[in-house]
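Asker: My questions will all concern the structure given below.
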Amino acid sequence: MAAATHPATAVEGTRISLANCTVNGSLHIKADNVASAATVYNGRVILNRDGYAAGSDSAGGNTFHKPVELINSAGYDWGFGTKFRDTYKDSVRIVMNGNGQWLTPGSLRGGYFKIGLLNGSTFEGPVRLEAGPDSNQIHIGSYGPTELLDAVDISGFESGDLVFSHSRFHDTWPSRTLVSAHPRMRLLLKDNCLFEGPVTIRVPRFGSNYTTFMKPAVIWKTGNGDDGSIGGNTFRQQVQFKNTASSGKVHLLSGEDKLIDRVPQ
């Protein structure tokens, strides 16, 4: 275990960085800033960013063979895998907690936690995404494609925005649901996400832009307020829209959306 936390040094903080390493045993790092690049982890790993530190991004290019937890417990901005693709062979728990420096009253903008910014990530095992009761954001993928091969659990995401960009949910995904009952969270699908198999999405607020649903889909909005959709979605098989909130709209069939009942053989 490695630990170095110095909350009084708010400008630079304490940084623990691993680059071009091989870690064969279990590892637990807790520091103001944690960075990892081109490192192979053969044991269980917990990487906990617990403070503010300048230059907080982690380049990526890592391979995790055992379960890993990525925790941003301070709530300040942190990018993990910002340049190179990370590969997760086993289960992954991604946690965002704490208000962070950007939180303002009435705003959903806390600190962000971005995973796989330029070249995406590969998740071969199940993924659990959690955010605490304070407003935070977790972004999975951005410019590069992210592959999700197993179950994705968002039931512990309590507030803020959960954003998937360029993310592909493969047909091998065994639990095809994205469900959270916490009224202060919103799920956003952006920039060419793809669901290969059937999926049920049930969240308080929802938005989808240029997402393709290859199999039947259920989109269920449970919370008040309008969604954040622009359009450009493609539904290649049956889709059901439900809105059980007392106010607010779902804008999914608008703009450039396409509803295709039958796929040409």
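Scheme for the structure tokens: letters A, B, ... for chains in order shown; per-chain residue numbers from 1; ligand numbers from 1 in order shown.
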Can you pull out every residue within 12 Å of Ile94 (chain A), counting only C-alpha atoms, but drop anything in the same chain fewer than 6 positions away, and send it as number ranges by chain?

Answerer: A: 46-49, 67-73, 80, 88, 113-115, 123, 126-132, 137-140, 152-154, 156-157, 162

Asker: So, counting only C-alpha atoms, which residue among A:Gly61, A:Gly141, A:Pro198, A:Gly51 is closest to Leu18 (chain A)?

Answerer: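 Of the candidates, the smallest distance to Leu18 (chain A) is held by A:Gly61.
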
Asker: I'd like the interatomic distance between CA of Asp86 (chain A) and CA of Pro145 (chain A), to a tenth of an Å.

Answerer: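 Value for the CA of Asp86 (chain A)-CA of Pro145 (chain A) distance: 11.5 Å.
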
Asker: I'd like the contact shell of Gly225 (chain A) - 12 Å cut-off, only C-alpha atoms, skipping same-chain residues fewer than 5 positions apart - returned as a list in words.

Answerer: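 Close residues of Gly225 (chain A): Pro183, Arg184, Met185, Arg186, Val203, Pro204, Arg205, Phe206, Gly207, Asn243, Thr244, Ala245, Ser246, Ser247, Gly248, Lys249, Val250 and His251 of chain A.
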
Asker: Now that the selection is made, can you save its residues with all heavy atoms as a CSV table (one decimal), in the first residue's frame?

Answerer:
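Written out: result_15.csv:
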```csv
chain,number,residue,atom,x,y,z
A,183,PRO,N,-33.0,10.6,-8.0
A,183,PRO,CA,-33.6,11.6,-8.8
A,183,PRO,C,-32.7,12.7,-9.3
A,183,PRO,O,-33.0,13.5,-10.2
A,183,PRO,CB,-34.6,12.2,-7.8
A,183,PRO,CG,-34.1,11.9,-6.4
A,183,PRO,CD,-33.4,10.5,-6.6
A,184,ARG,N,-31.4,12.8,-8.8
A,184,ARG,CA,-30.5,13.9,-9.1
A,184,ARG,C,-29.5,13.5,-10.2
A,184,ARG,O,-28.5,14.2,-10.4
A,184,ARG,CB,-29.9,14.5,-7.9
A,184,ARG,CG,-30.8,15.1,-6.9
A,184,ARG,CD,-30.0,15.7,-5.7
A,184,ARG,NE,-29.1,16.8,-6.2
A,184,ARG,CZ,-27.9,16.9,-5.7
A,184,ARG,NH1,-27.4,16.0,-4.8
A,184,ARG,NH2,-27.1,17.9,-6.1
A,185,MET,N,-29.7,12.3,-10.8
A,185,MET,CA,-28.7,11.9,-11.8
A,185,MET,C,-29.3,12.0,-13.2
A,185,MET,O,-30.5,12.0,-13.4
A,185,MET,CB,-28.2,10.5,-11.5
A,185,MET,CG,-29.2,9.4,-11.9
A,185,MET,SD,-29.2,8.8,-13.6
A,185,MET,CE,-27.5,8.2,-13.8
A,186,ARG,N,-28.4,12.1,-14.2
A,186,ARG,CA,-28.8,12.1,-15.6
A,186,ARG,C,-27.9,11.3,-16.4
A,186,ARG,O,-26.7,11.3,-16.2
A,186,ARG,CB,-28.9,13.6,-16.1
A,186,ARG,CG,-29.3,13.7,-17.6
A,186,ARG,CD,-29.4,15.1,-18.0
A,186,ARG,NE,-28.2,15.9,-17.9
A,186,ARG,CZ,-28.1,17.1,-18.5
A,186,ARG,NH1,-29.1,17.7,-19.1
A,186,ARG,NH2,-26.9,17.7,-18.3
A,203,VAL,N,-34.0,5.8,-16.1
A,203,VAL,CA,-33.3,6.8,-15.3
A,203,VAL,C,-34.1,8.0,-15.1
A,203,VAL,O,-35.1,8.2,-15.9
A,203,VAL,CB,-31.9,7.2,-16.0
A,203,VAL,CG1,-30.9,6.0,-16.0
A,203,VAL,CG2,-32.2,7.7,-17.4
A,204,PRO,N,-33.9,8.9,-14.1
A,204,PRO,CA,-34.7,10.1,-13.9
A,204,PRO,C,-34.6,11.0,-15.1
A,204,PRO,O,-35.7,11.6,-15.5
A,204,PRO,CB,-34.1,10.7,-12.7
A,204,PRO,CG,-33.4,9.6,-11.9
A,204,PRO,CD,-32.9,8.7,-13.0
A,205,ARG,N,-33.4,11.3,-15.6
A,205,ARG,CA,-33.3,12.2,-16.8
A,205,ARG,C,-32.4,11.5,-17.8
A,205,ARG,O,-31.4,10.8,-17.4
A,205,ARG,CB,-32.8,13.5,-16.4
A,205,ARG,CG,-33.8,14.3,-15.5
A,205,ARG,CD,-33.2,15.7,-15.2
A,205,ARG,NE,-33.2,16.5,-16.3
A,205,ARG,CZ,-32.7,17.7,-16.4
A,205,ARG,NH1,-32.1,18.2,-15.3
A,205,ARG,NH2,-32.7,18.4,-17.5
A,206,PHE,N,-32.6,11.8,-19.1
A,206,PHE,CA,-32.0,11.0,-20.1
A,206,PHE,C,-31.8,11.8,-21.4
A,206,PHE,O,-32.6,12.7,-21.7
A,206,PHE,CB,-32.8,9.8,-20.5
A,206,PHE,CG,-32.2,8.9,-21.6
A,206,PHE,CD1,-31.1,8.1,-21.4
A,206,PHE,CD2,-32.8,8.9,-22.8
A,206,PHE,CE1,-30.6,7.4,-22.4
A,206,PHE,CE2,-32.3,8.2,-23.9
A,206,PHE,CZ,-31.2,7.4,-23.7
A,207,GLY,N,-30.7,11.7,-22.0
A,207,GLY,CA,-30.4,12.3,-23.3
A,207,GLY,C,-29.6,11.4,-24.2
A,207,GLY,O,-28.8,10.7,-23.8
A,243,ASN,N,-42.6,7.7,-20.0
A,243,ASN,CA,-42.3,8.9,-19.1
A,243,ASN,C,-43.3,8.9,-18.0
A,243,ASN,O,-44.5,9.2,-18.1
A,243,ASN,CB,-42.5,10.2,-20.0
A,243,ASN,CG,-42.0,11.4,-19.2
A,243,ASN,OD1,-41.7,11.3,-18.0
A,243,ASN,ND2,-42.1,12.6,-19.8
A,244,THR,N,-42.8,8.5,-16.8
A,244,THR,CA,-43.6,8.4,-15.6
A,244,THR,C,-43.4,9.6,-14.6
A,244,THR,O,-43.8,9.5,-13.5
A,244,THR,CB,-43.4,7.1,-14.9
A,244,THR,OG1,-42.0,6.9,-14.7
A,244,THR,CG2,-43.9,5.9,-15.8
A,245,ALA,N,-42.7,10.6,-15.1
A,245,ALA,CA,-42.5,11.8,-14.3
A,245,ALA,C,-43.7,12.7,-14.3
A,245,ALA,O,-44.6,12.6,-15.1
A,245,ALA,CB,-41.3,12.6,-14.8
A,246,SER,N,-43.8,13.5,-13.3
A,246,SER,CA,-44.9,14.4,-13.2
A,246,SER,C,-44.8,15.6,-14.1
A,246,SER,O,-45.8,16.3,-14.4
A,246,SER,CB,-45.1,14.9,-11.8
A,246,SER,OG,-44.0,15.6,-11.3
A,247,SER,N,-43.6,15.9,-14.6
A,247,SER,CA,-43.3,17.0,-15.6
A,247,SER,C,-42.1,16.6,-16.4
A,247,SER,O,-41.3,15.8,-16.0
A,247,SER,CB,-43.2,18.3,-14.9
A,247,SER,OG,-42.0,18.3,-14.1
A,248,GLY,N,-42.0,17.3,-17.6
A,248,GLY,CA,-40.8,17.1,-18.4
A,248,GLY,C,-41.1,16.3,-19.7
A,248,GLY,O,-42.1,15.7,-19.8
A,249,LYS,N,-40.2,16.4,-20.6
A,249,LYS,CA,-40.5,15.8,-22.0
A,249,LYS,C,-39.3,14.9,-22.4
A,249,LYS,O,-38.1,15.1,-21.9
A,249,LYS,CB,-40.6,17.0,-23.0
A,249,LYS,CG,-41.8,17.9,-22.8
A,249,LYS,CD,-41.8,19.0,-23.8
A,249,LYS,CE,-42.9,20.0,-23.6
A,249,LYS,NZ,-42.9,21.1,-24.6
A,250,VAL,N,-39.6,14.0,-23.2
A,250,VAL,CA,-38.6,13.2,-23.9
A,250,VAL,C,-38.6,13.5,-25.4
A,250,VAL,O,-39.7,13.5,-26.0
A,250,VAL,CB,-38.9,11.6,-23.7
A,250,VAL,CG1,-37.9,10.8,-24.5
A,250,VAL,CG2,-39.0,11.2,-22.3
A,251,HIS,N,-37.4,13.9,-25.9
A,251,HIS,CA,-37.4,14.4,-27.3
A,251,HIS,C,-36.7,13.4,-28.2
A,251,HIS,O,-36.1,13.9,-29.2
A,251,HIS,CB,-36.5,15.7,-27.2
A,251,HIS,CG,-37.1,16.8,-26.4
A,251,HIS,ND1,-38.2,17.5,-26.8
A,251,HIS,CD2,-36.7,17.4,-25.3
A,251,HIS,CE1,-38.5,18.4,-25.9
A,251,HIS,NE2,-37.6,18.4,-24.9
```
